[in-house]
>>> print(open('structure_19.cif').read())   # mmCIF, C-alpha atoms
data_target
loop_
_atom_site.label_atom_id
_atom_site.label_comp_id
_atom_site.auth_asym_id
_atom_site.auth_seq_id
_atom_site.Cartn_x
_atom_site.Cartn_y
_atom_site.Cartn_z
CA MET R 1 -78.66 88.12 -61.35
CA ASN R 2 -77.26 91.29 -62.95
CA ILE R 3 -74.36 90.09 -65.07
CA ALA R 4 -71.85 91.89 -67.30
CA ILE R 5 -69.89 90.22 -70.10
CA ILE R 6 -66.68 92.02 -70.96
CA GLY R 7 -65.42 90.73 -74.27
CA THR R 8 -68.33 89.42 -76.34
CA GLY R 9 -66.30 87.02 -78.45
CA GLY R 10 -66.54 83.25 -78.68
CA VAL R 11 -66.20 82.85 -74.92
CA GLY R 12 -68.16 85.78 -73.51
CA GLY R 13 -70.75 85.69 -76.28
CA TYR R 14 -71.59 82.04 -75.66
CA PHE R 15 -71.81 82.12 -71.87
CA GLY R 16 -73.55 85.48 -71.86
CA ALA R 17 -76.20 84.31 -74.30
CA ARG R 18 -76.90 81.18 -72.24
CA LEU R 19 -77.14 83.22 -69.05
CA ALA R 20 -79.55 85.66 -70.69
CA GLN R 21 -81.57 82.77 -72.11
CA ALA R 22 -82.06 81.57 -68.52
CA GLY R 23 -83.58 84.89 -67.51
CA ASN R 24 -80.62 86.80 -66.05
CA ASN R 25 -80.11 90.50 -66.76
CA VAL R 26 -77.04 90.39 -68.98
CA THR R 27 -75.23 93.40 -70.39
CA PHE R 28 -72.59 92.87 -73.07
CA VAL R 29 -69.60 95.12 -73.65
CA ALA R 30 -68.98 95.04 -77.39
CA ARG R 31 -67.62 97.56 -79.85
CA GLY R 32 -67.42 98.11 -83.60
CA ALA R 33 -69.53 96.24 -86.11
CA HIS R 34 -70.08 93.36 -83.69
CA GLY R 35 -71.57 95.63 -81.03
CA LYS R 36 -73.65 97.50 -83.57
CA VAL R 37 -75.26 94.36 -84.97
CA ILE R 38 -75.97 93.02 -81.46
CA ALA R 39 -77.67 96.31 -80.53
CA GLU R 40 -79.75 96.40 -83.72
CA LYS R 41 -80.54 92.74 -84.41
CA GLY R 42 -79.66 90.87 -81.23
CA LEU R 43 -77.01 88.26 -80.47
CA GLN R 44 -77.31 85.05 -82.48
CA LEU R 45 -75.87 81.88 -80.98
CA LEU R 46 -75.27 78.83 -83.18
CA SER R 47 -74.54 75.69 -81.19
CA PRO R 48 -74.90 71.90 -81.24
CA LYS R 49 -76.60 72.39 -77.85
CA GLY R 50 -79.28 74.52 -79.46
CA ASP R 51 -79.37 77.78 -81.39
CA TYR R 52 -80.65 80.89 -79.67
CA LEU R 53 -81.36 84.46 -80.73
CA LEU R 54 -81.14 86.97 -77.90
CA GLN R 55 -83.33 89.78 -79.10
CA ASP R 56 -83.21 93.26 -77.59
CA ALA R 57 -79.79 92.49 -76.14
CA SER R 58 -78.40 95.00 -73.69
CA VAL R 59 -75.08 96.16 -75.12
CA VAL R 60 -72.72 99.02 -74.22
CA ASP R 61 -69.45 100.10 -75.79
CA SER R 62 -67.44 100.69 -72.61
CA VAL R 63 -67.04 99.24 -69.13
CA SER R 64 -67.73 102.64 -67.60
CA ARG R 65 -71.37 102.42 -68.74
CA LEU R 66 -72.09 99.31 -66.66
CA LYS R 67 -74.27 99.79 -63.57
CA ASP R 68 -75.33 97.73 -60.56
CA VAL R 69 -73.40 94.65 -61.65
CA GLU R 70 -73.29 91.60 -59.37
CA LEU R 71 -71.21 89.29 -61.57
CA VAL R 72 -68.64 90.19 -64.22
CA LEU R 73 -67.29 87.54 -66.59
CA VAL R 74 -64.14 88.74 -68.33
CA GLY R 75 -63.89 87.06 -71.73
CA THR R 76 -61.25 89.22 -73.39
CA LYS R 77 -57.82 88.04 -74.52
CA ALA R 78 -55.34 87.65 -71.66
CA TRP R 79 -53.29 90.67 -72.69
CA GLN R 80 -56.35 92.90 -72.31
CA VAL R 81 -57.03 92.05 -68.66
CA LYS R 82 -54.82 94.79 -67.19
CA GLU R 83 -56.74 97.45 -69.09
CA VAL R 84 -60.07 95.91 -68.10
CA ALA R 85 -59.00 95.84 -64.45
CA GLU R 86 -58.30 99.58 -64.50
CA GLN R 87 -61.71 100.26 -66.06
CA LEU R 88 -63.52 98.04 -63.58
CA LYS R 89 -62.36 100.19 -60.67
CA GLU R 90 -64.99 102.72 -61.72
CA ILE R 91 -67.98 100.38 -61.54
CA VAL R 92 -67.38 97.63 -58.96
CA SER R 93 -69.13 97.75 -55.60
CA GLU R 94 -68.66 95.62 -52.51
CA ARG R 95 -71.13 93.10 -53.93
CA THR R 96 -69.51 92.79 -57.37
CA ILE R 97 -67.70 89.55 -58.19
CA VAL R 98 -65.27 89.45 -61.12
CA ILE R 99 -64.31 86.11 -62.67
CA PRO R 100 -61.67 85.96 -65.44
CA LEU R 101 -61.96 83.21 -68.05
CA GLN R 102 -58.62 83.73 -69.80
CA ASN R 103 -55.97 81.25 -70.76
CA GLY R 104 -52.88 81.45 -68.57
CA VAL R 105 -52.24 81.85 -64.86
CA MET R 106 -51.95 85.63 -64.49
CA ALA R 107 -55.50 87.00 -64.96
CA ALA R 108 -56.72 86.84 -61.35
CA LYS R 109 -53.44 88.34 -60.09
CA GLU R 110 -53.69 91.20 -62.58
CA LEU R 111 -57.27 91.93 -61.53
CA GLN R 112 -56.20 91.99 -57.88
CA GLU R 113 -53.55 94.59 -58.68
CA GLU R 114 -56.36 97.07 -59.40
CA LEU R 115 -59.36 95.71 -57.49
CA PRO R 116 -59.92 94.70 -53.85
CA ASP R 117 -59.16 91.03 -53.32
CA GLU R 118 -62.73 90.35 -52.24
CA ASN R 119 -64.02 91.39 -55.67
CA VAL R 120 -62.03 88.71 -57.49
CA MET R 121 -62.50 84.98 -57.93
CA GLY R 122 -60.44 82.66 -60.08
CA GLY R 123 -61.81 81.07 -63.21
CA LEU R 124 -61.22 79.37 -66.53
CA CYS R 125 -63.24 77.78 -69.27
CA ASN R 126 -63.10 75.12 -71.94
CA ILE R 127 -64.94 75.96 -75.14
CA PHE R 128 -64.46 75.85 -78.89
CA SER R 129 -66.26 78.91 -80.25
CA LYS R 130 -65.72 82.04 -82.32
CA ILE R 131 -67.35 85.11 -83.80
CA LYS R 132 -68.62 83.75 -87.11
CA GLU R 133 -69.63 87.21 -88.28
CA PRO R 134 -70.72 90.42 -86.51
CA GLY R 135 -73.54 89.57 -84.14
CA VAL R 136 -73.14 85.80 -84.53
CA ILE R 137 -71.34 83.44 -82.12
CA GLU R 138 -70.65 79.91 -83.34
CA HIS R 139 -69.96 77.13 -80.82
CA MET R 140 -68.36 74.01 -82.27
CA SER R 141 -68.24 70.48 -80.77
CA ALA R 142 -67.31 69.78 -77.10
CA GLU R 143 -69.63 70.92 -74.33
CA PRO R 144 -68.61 74.30 -72.85
CA TYR R 145 -67.35 74.06 -69.29
CA LEU R 146 -66.65 76.66 -66.60
CA ILE R 147 -64.43 76.19 -63.55
CA PHE R 148 -64.39 78.90 -60.88
CA GLY R 149 -63.67 79.35 -57.21
CA GLU R 150 -62.53 81.53 -54.35
CA LEU R 151 -58.82 82.29 -54.34
CA ASP R 152 -58.60 81.37 -50.65
CA HIS R 153 -59.88 77.84 -51.46
CA SER R 154 -63.11 78.28 -49.48
CA ILE R 155 -66.53 77.19 -50.72
CA SER R 156 -68.43 80.37 -49.97
CA ASP R 157 -72.14 81.12 -50.05
CA ARG R 158 -71.62 83.63 -52.86
CA ALA R 159 -69.77 81.01 -54.92
CA ARG R 160 -72.62 78.57 -54.40
CA ARG R 161 -75.07 81.23 -55.54
CA ILE R 162 -73.09 81.74 -58.73
CA GLN R 163 -73.04 77.99 -59.29
CA GLU R 164 -76.83 77.94 -59.01
CA VAL R 165 -76.99 80.64 -61.69
CA PHE R 166 -74.77 78.58 -64.00
CA ASN R 167 -76.76 75.42 -63.28
CA ARG R 168 -80.07 77.10 -64.12
CA ALA R 169 -78.54 78.26 -67.40
CA GLY R 170 -77.55 74.70 -68.27
CA ILE R 171 -73.85 75.57 -68.19
CA LYS R 172 -71.65 72.67 -67.14
CA ASN R 173 -69.44 73.90 -64.31
CA LYS R 174 -67.24 73.04 -61.35
CA LEU R 175 -67.00 75.02 -58.13
CA SER R 176 -63.35 74.49 -57.27
CA ASP R 177 -61.78 74.41 -53.82
CA TYR R 178 -58.32 74.86 -55.42
CA ILE R 179 -58.76 77.08 -58.45
CA GLN R 180 -55.02 77.74 -58.78
CA ALA R 181 -54.36 74.04 -59.37
CA ASP R 182 -57.19 73.83 -61.91
CA THR R 183 -55.80 76.87 -63.70
CA TRP R 184 -52.32 75.38 -63.88
CA LYS R 185 -53.65 72.06 -65.17
CA LYS R 186 -55.11 73.86 -68.17
CA PHE R 187 -52.01 76.04 -68.46
CA LEU R 188 -49.77 73.00 -68.93
CA LEU R 189 -52.01 71.86 -71.74
CA ILE R 190 -52.49 75.10 -73.66
CA CYS R 191 -48.81 76.07 -73.61
CA LEU R 192 -48.07 73.04 -75.79
CA GLY R 193 -49.82 75.00 -78.54
CA GLY R 194 -46.73 77.19 -78.72
CA LEU R 195 -44.84 74.30 -80.31
CA GLY R 196 -47.58 73.96 -82.91
CA ALA R 197 -47.48 77.70 -83.56
CA LEU R 198 -43.73 77.58 -84.16
CA THR R 199 -43.71 74.46 -86.34
CA LYS R 200 -46.99 75.33 -88.10
CA ALA R 201 -48.20 71.86 -87.19
CA ASN R 202 -51.57 70.64 -85.90
CA TYR R 203 -51.74 68.40 -82.83
CA GLY R 204 -51.83 65.29 -85.00
CA VAL R 205 -48.37 66.07 -86.40
CA LEU R 206 -47.03 67.03 -82.98
CA CYS R 207 -48.19 63.75 -81.44
CA GLN R 208 -47.20 61.51 -84.35
CA THR R 209 -43.68 62.90 -84.82
CA PRO R 210 -41.42 61.30 -82.17
CA GLU R 211 -39.06 64.26 -81.90
CA LEU R 212 -41.90 66.77 -81.47
CA LYS R 213 -43.70 64.54 -79.00
CA GLU R 214 -40.49 64.36 -76.96
CA MET R 215 -40.31 68.17 -76.99
CA MET R 216 -43.85 68.30 -75.60
CA VAL R 217 -42.82 65.93 -72.81
CA LYS R 218 -39.91 68.25 -71.95
CA MET R 219 -42.21 71.31 -72.03
CA ILE R 220 -44.57 69.65 -69.57
CA ASP R 221 -41.68 68.80 -67.25
CA GLU R 222 -40.48 72.41 -67.35
CA MET R 223 -43.91 73.81 -66.59
CA TYR R 224 -44.49 71.33 -63.79
CA PHE R 225 -41.29 72.41 -62.04
CA VAL R 226 -42.33 76.06 -62.36
CA SER R 227 -45.75 75.29 -60.86
CA GLN R 228 -44.06 73.68 -57.86
CA ALA R 229 -41.82 76.71 -57.40
CA GLU R 230 -44.94 78.91 -57.50
CA GLY R 231 -46.36 76.90 -54.61
CA VAL R 232 -49.10 75.22 -56.61
CA LYS R 233 -49.53 71.65 -55.45
CA LEU R 234 -50.09 69.52 -58.53
CA PRO R 235 -49.76 65.74 -58.43
CA GLU R 236 -46.96 64.43 -60.63
CA THR R 237 -49.56 62.40 -62.50
CA VAL R 238 -50.72 65.65 -64.10
CA LYS R 239 -47.80 65.36 -66.53
CA GLU R 240 -48.97 62.04 -67.95
CA LYS R 241 -52.59 63.22 -68.05
CA THR R 242 -51.62 66.39 -69.93
CA LEU R 243 -49.83 64.43 -72.63
CA ALA R 244 -52.71 61.96 -72.84
CA ALA R 245 -55.19 64.80 -73.28
CA THR R 246 -53.11 66.19 -76.15
CA MET R 247 -53.00 62.76 -77.77
CA SER R 248 -56.81 62.62 -77.62
CA PHE R 249 -57.28 65.80 -79.67
CA ALA R 250 -58.49 65.52 -83.25
CA PRO R 251 -55.42 65.36 -85.51
CA SER R 252 -56.55 68.53 -87.30
CA ALA R 253 -56.94 70.51 -84.06
CA ASN R 254 -54.70 73.43 -83.14
CA SER R 255 -54.59 76.12 -80.49
CA SER R 256 -56.20 79.56 -80.60
CA MET R 257 -52.78 81.08 -80.01
CA ALA R 258 -51.37 79.22 -82.99
CA ARG R 259 -54.22 80.41 -85.20
CA ASP R 260 -53.64 84.02 -84.14
CA ILE R 261 -49.92 83.77 -84.80
CA TRP R 262 -50.38 82.12 -88.19
CA ALA R 263 -52.82 84.87 -89.17
CA GLY R 264 -50.41 87.61 -88.09
CA ARG R 265 -52.68 88.78 -85.26
CA PRO R 266 -51.65 89.68 -81.69
CA SER R 267 -51.72 86.49 -79.61
CA GLU R 268 -51.49 85.33 -76.00
CA LEU R 269 -47.83 84.35 -76.40
CA GLU R 270 -46.78 86.53 -73.45
CA TYR R 271 -49.37 84.85 -71.21
CA GLN R 272 -48.56 81.32 -72.26
CA ASN R 273 -44.96 80.37 -73.08
CA GLY R 274 -43.90 83.88 -72.10
CA SER R 275 -45.31 83.41 -68.61
CA VAL R 276 -43.44 80.11 -68.28
CA VAL R 277 -40.17 81.87 -69.15
CA LYS R 278 -40.76 84.82 -66.81
CA LEU R 279 -41.90 82.74 -63.84
CA ALA R 280 -38.99 80.35 -64.35
CA ALA R 281 -36.55 83.25 -64.33
CA LYS R 282 -38.05 84.48 -61.06
CA HIS R 283 -37.23 81.15 -59.44
CA GLY R 284 -33.92 80.51 -61.19
CA ILE R 285 -35.29 77.53 -63.12
CA GLU R 286 -34.12 76.66 -66.64
CA VAL R 287 -36.86 76.04 -69.20
CA PRO R 288 -34.92 75.68 -72.47
CA VAL R 289 -37.73 74.38 -74.69
CA ASN R 290 -40.25 77.02 -73.62
CA TYR R 291 -37.50 79.65 -73.80
CA PHE R 292 -36.67 78.65 -77.38
CA ILE R 293 -40.32 78.64 -78.49
CA TYR R 294 -41.10 81.97 -76.85
CA HIS R 295 -38.12 83.83 -78.26
CA CYS R 296 -38.54 82.37 -81.74
CA LEU R 297 -42.15 83.56 -81.86
CA LEU R 298 -41.54 86.90 -80.16
CA PRO R 299 -40.42 88.92 -83.24
CA GLN R 300 -43.59 87.95 -85.11
CA GLU R 301 -45.68 88.80 -82.05
CA GLN R 302 -44.06 92.21 -81.73
CA GLU R 303 -44.68 92.91 -85.41
CA ALA R 304 -48.35 91.95 -85.09
CA ARG R 305 -48.77 94.24 -82.10
CA ALA R 306 -47.10 97.12 -83.91
CA ILE R 307 -49.60 96.76 -86.75
CA PHE R 308 -52.84 96.01 -84.88
CA LEU R 309 -52.38 97.88 -81.59
CA LYS R 310 -51.26 101.30 -82.77
#
>>> encode(input="structure_19.cif", output="structure tokens")
Amino acid sequence: MNIAIIGTGGVGGYFGARLAQAGNNVTFVARGAHGKVIAEKGLQLLSPKGDYLLQDASVVDSVSRLKDVELVLVGTKAWQVKEVAEQLKEIVSERTIVIPLQNGVMAAKELQEELPDENVMGGLCNIFSKIKEPGVIEHMSAEPYLIFGELDHSISDRARRIQEVFNRAGIKNKLSDYIQADTWKKFLLICLGGLGALTKANYGVLCQTPELKEMMVKMIDEMYFVSQAEGVKLPETVKEKTLAATMSFAPSANSSMARDIWAGRPSELEYQNGSVVKLAAKHGIEVPVNYFIYHCLLPQEQEARAIFLK
């Protein structure tokens, strides 16, 4: 399959390398030093599941240079999806399928604002990985996992074909018949990272401090009510499972959003706790804990964007 990876970071770099290793024609969109090293030396993957060096990697510096693409995996940060969607208009055909892998619940909707609905599927991933240095992707611990599916809840032939591609690449995956629910399940979990970002605490501290644990419970309740207002049918048991999942994290673990905020980099705040606040306002729902976290972190986020995104 002809595949494009937009955003060759920890997410796109890992899945793209595995797909290329399985014999697919994979083109990576990567810029700067990272893209230069990939073009000259290949893409190096370091992983507990096996290291791999993709030599003679196909890499371009812009979406507009992609051609004849059947599958696009969007691995950028959530706040970059709108720009990517505009660029994709130039290269998608009727047979192109675009799957976003971002945190949050807005990526597929933002792609559909620029692309025909039939070009877009829903998706998400679970992976702990990063760019270790230019040209090198490091995957740490837990097995990477993709979830994807048609937005109309059907199990289509094209979705099954994509699943076969993932299976042949040894990528653990789930073809979902309700991708919106799967996306929201992860959303409830990742938004708890906003509390860690604000308190500068890892998950161990959040879970072991009674007052902070109670705040997480309230955050989950708020997000659950918003999901119901959005028409996403989640079982109420998802609240207990979300908290249990957080309690199972290594005490030293923290969220990618928290790490970005602590480092003074632009983060996905707008697409995590910010989305909770905005969607709640649309439905007239009060979300005081998420509101407090979002607005306390917002000045730092705005400062980071003013510095890095000039």
>>> resolve_selection(input="structure_19.cif", expression="the PyMOL selection byres ((chain R and resi 308) around 12)", output="PyMOL selection string")
chain R and resi 263-267+301-307+309-310
>>> residues_around(input="structure_19.cif", residues="range 202-216 of chain R", least_positions_apart="3", cutoff="10 Å", atoms="only C-alpha atoms", output="list of chain:residue names")
R:Leu189, R:Cys191, R:Leu192, R:Gly193, R:Gly194, R:Leu195, R:Gly196, R:Ala197, R:Thr199, R:Met219, R:Ile220, R:Asp221, R:Glu222, R:Thr242, R:Leu243, R:Ala244, R:Thr246, R:Met247, R:Ser248, R:Phe249, R:Ala250, R:Pro251, R:Ser252, R:Ala253, R:Asn254, R:Ser255, R:Ala258, R:Val289, R:Asn290
>>> resolve_selection(input="structure_19.cif", expression="the PyMOL selection byres ((chain R and resi 231) around 12)", output="VMD selection string")
chain R and resid 180 to 181 184 224 to 230 232 to 234 279 283
>>> closest_atom_pairs(input="structure_19.cif", of="range 37-147 of chain R", to="range 8-31 of chain R", cutoff="8 Å", atoms="all atoms listed in the file", output="tab-separated table")
residue	atom	partner	partner_atom	distance
R:Leu43	CA	R:Ala17	CA	7.4
R:Leu45	CA	R:Tyr14	CA	6.8
R:Tyr52	CA	R:Ala17	CA	7.8
R:Leu54	CA	R:Ala17	CA	6.7
R:Ala57	CA	R:Thr27	CA	7.4
R:Ser58	CA	R:Thr27	CA	4.8
R:Val59	CA	R:Phe28	CA	4.6
R:Val60	CA	R:Val29	CA	5.0
R:Asp61	CA	R:Arg31	CA	5.1
R:Ser62	CA	R:Val29	CA	6.1
R:Val63	CA	R:Val29	CA	6.6
R:Leu66	CA	R:Thr27	CA	7.7
R:Leu73	CA	R:Gly12	CA	7.2
R:Val74	CA	R:Gly12	CA	7.2
R:Gly75	CA	R:Gly12	CA	4.8
R:Thr76	CA	R:Gly9	CA	7.5
R:Ile127	CA	R:Val11	CA	7.0
R:Phe128	CA	R:Gly10	CA	7.7
R:Ser129	CA	R:Gly10	CA	4.6
R:Lys130	CA	R:Gly10	CA	3.9
R:Ile131	CA	R:Gly10	CA	5.5
R:Ile137	CA	R:Gly10	CA	5.9
R:Glu138	CA	R:Gly10	CA	7.1
R:His139	CA	R:Tyr14	CA	7.3
>>> write_last_selection(input="structure_19.cif", atoms="C-alpha atoms", output="JSON list (two decimals), keeping the file's coordinate frame")
[["chain", "number", "residue", "atom", "x", "y", "z"],
["R", 43, "LEU", "CA", -77.01, 88.26, -80.47],
["R", 45, "LEU", "CA", -75.87, 81.88, -80.98],
["R", 52, "TYR", "CA", -80.65, 80.89, -79.67],
["R", 54, "LEU", "CA", -81.14, 86.97, -77.90],
["R", 57, "ALA", "CA", -79.79, 92.49, -76.14],
["R", 58, "SER", "CA", -78.40, 95.00, -73.69],
["R", 59, "VAL", "CA", -75.08, 96.16, -75.12],
["R", 60, "VAL", "CA", -72.72, 99.02, -74.22],
["R", 61, "ASP", "CA", -69.45, 100.10, -75.79],
["R", 62, "SER", "CA", -67.44, 100.69, -72.61],
["R", 63, "VAL", "CA", -67.04, 99.24, -69.13],
["R", 66, "LEU", "CA", -72.09, 99.31, -66.66],
["R", 73, "LEU", "CA", -67.29, 87.54, -66.59],
["R", 74, "VAL", "CA", -64.14, 88.74, -68.33],
["R", 75, "GLY", "CA", -63.89, 87.06, -71.73],
["R", 76, "THR", "CA", -61.25, 89.22, -73.39],
["R", 127, "ILE", "CA", -64.94, 75.96, -75.14],
["R", 128, "PHE", "CA", -64.46, 75.85, -78.89],
["R", 129, "SER", "CA", -66.26, 78.91, -80.25],
["R", 130, "LYS", "CA", -65.72, 82.04, -82.32],
["R", 131, "ILE", "CA", -67.35, 85.11, -83.80],
["R", 137, "ILE", "CA", -71.34, 83.44, -82.12],
["R", 138, "GLU", "CA", -70.65, 79.91, -83.34],
["R", 139, "HIS", "CA", -69.96, 77.13, -80.82]]
>>> atom_distance(input="structure_19.cif", atom1="CA of Arg160 in chain R", atom2="CA of Asp177 in chain R")
11.6 Å
>>> atom_distance(input="structure_19.cif", atom1="CA of Val81 in chain R", atom2="CA of Glu113 in chain R")
10.9 Å
>>> atom_distance(input="structure_19.cif", atom1="CA of Ala85 in chain R", atom2="CA of Asp56 in chain R")
27.7 Å
>>> residues_around(input="structure_19.cif", residues="Pro48 in chain R", least_positions_apart="5", cutoff="9 Å", atoms="all atoms listed in the file", output="PyMOL selection string")
chain R and resi 139-143
>>> closest_residue(input="structure_19.cif", among="R:His153, R:Lys278, R:Lys49, R:Lys218", to="Tyr178 in chain R", atoms="only C-alpha atoms")
R:His153
>>> closest_residue(input="structure_19.cif", among="R:Asp260, R:Asn103, R:Cys296, R:Gly135", to="Lys41 in chain R", atoms="all atoms listed in the file")
R:Gly135
>>> closest_residue(input="structure_19.cif", among="R:Lys77, R:Arg168, R:Lys82, R:Lys109", to="Met1 in chain R", atoms="all atoms listed in the file")
R:Arg168
>>> axis_aligned_box(input="structure_19.cif", around="range 161-173 of chain R", padding_each_side="5 Å", output="AutoDock Vina command-line options")
--center_x -74.8 --center_y 77.2 --center_z -61.9 --size_x 20.6 --size_y 19.1 --size_z 22.7
>>> closest_residue(input="structure_19.cif", among="R:Glu240, R:Glu90, R:Glu70, R:Glu270", to="Ile5 in chain R", atoms="all atoms listed in the file")
R:Glu70
>>> resolve_selection(input="structure_19.cif", expression="the PyMOL selection byres ((chain R and resi 268) around 7)", output="list in words")
Ala78, Trp79, Met257, Ser267, Leu269, Glu270, Tyr271 and Gln272 of chain R
>>> closest_residue(input="structure_19.cif", among="R:Ile261, R:Leu124, R:Val136, R:Val84", to="Ser176 in chain R", atoms="only C-alpha atoms")
R:Leu124
>>> closest_residue(input="structure_19.cif", among="R:Ile190, R:Ile162, R:Val217, R:Val287", to="Val98 in chain R", atoms="all atoms listed in the file")
R:Ile162
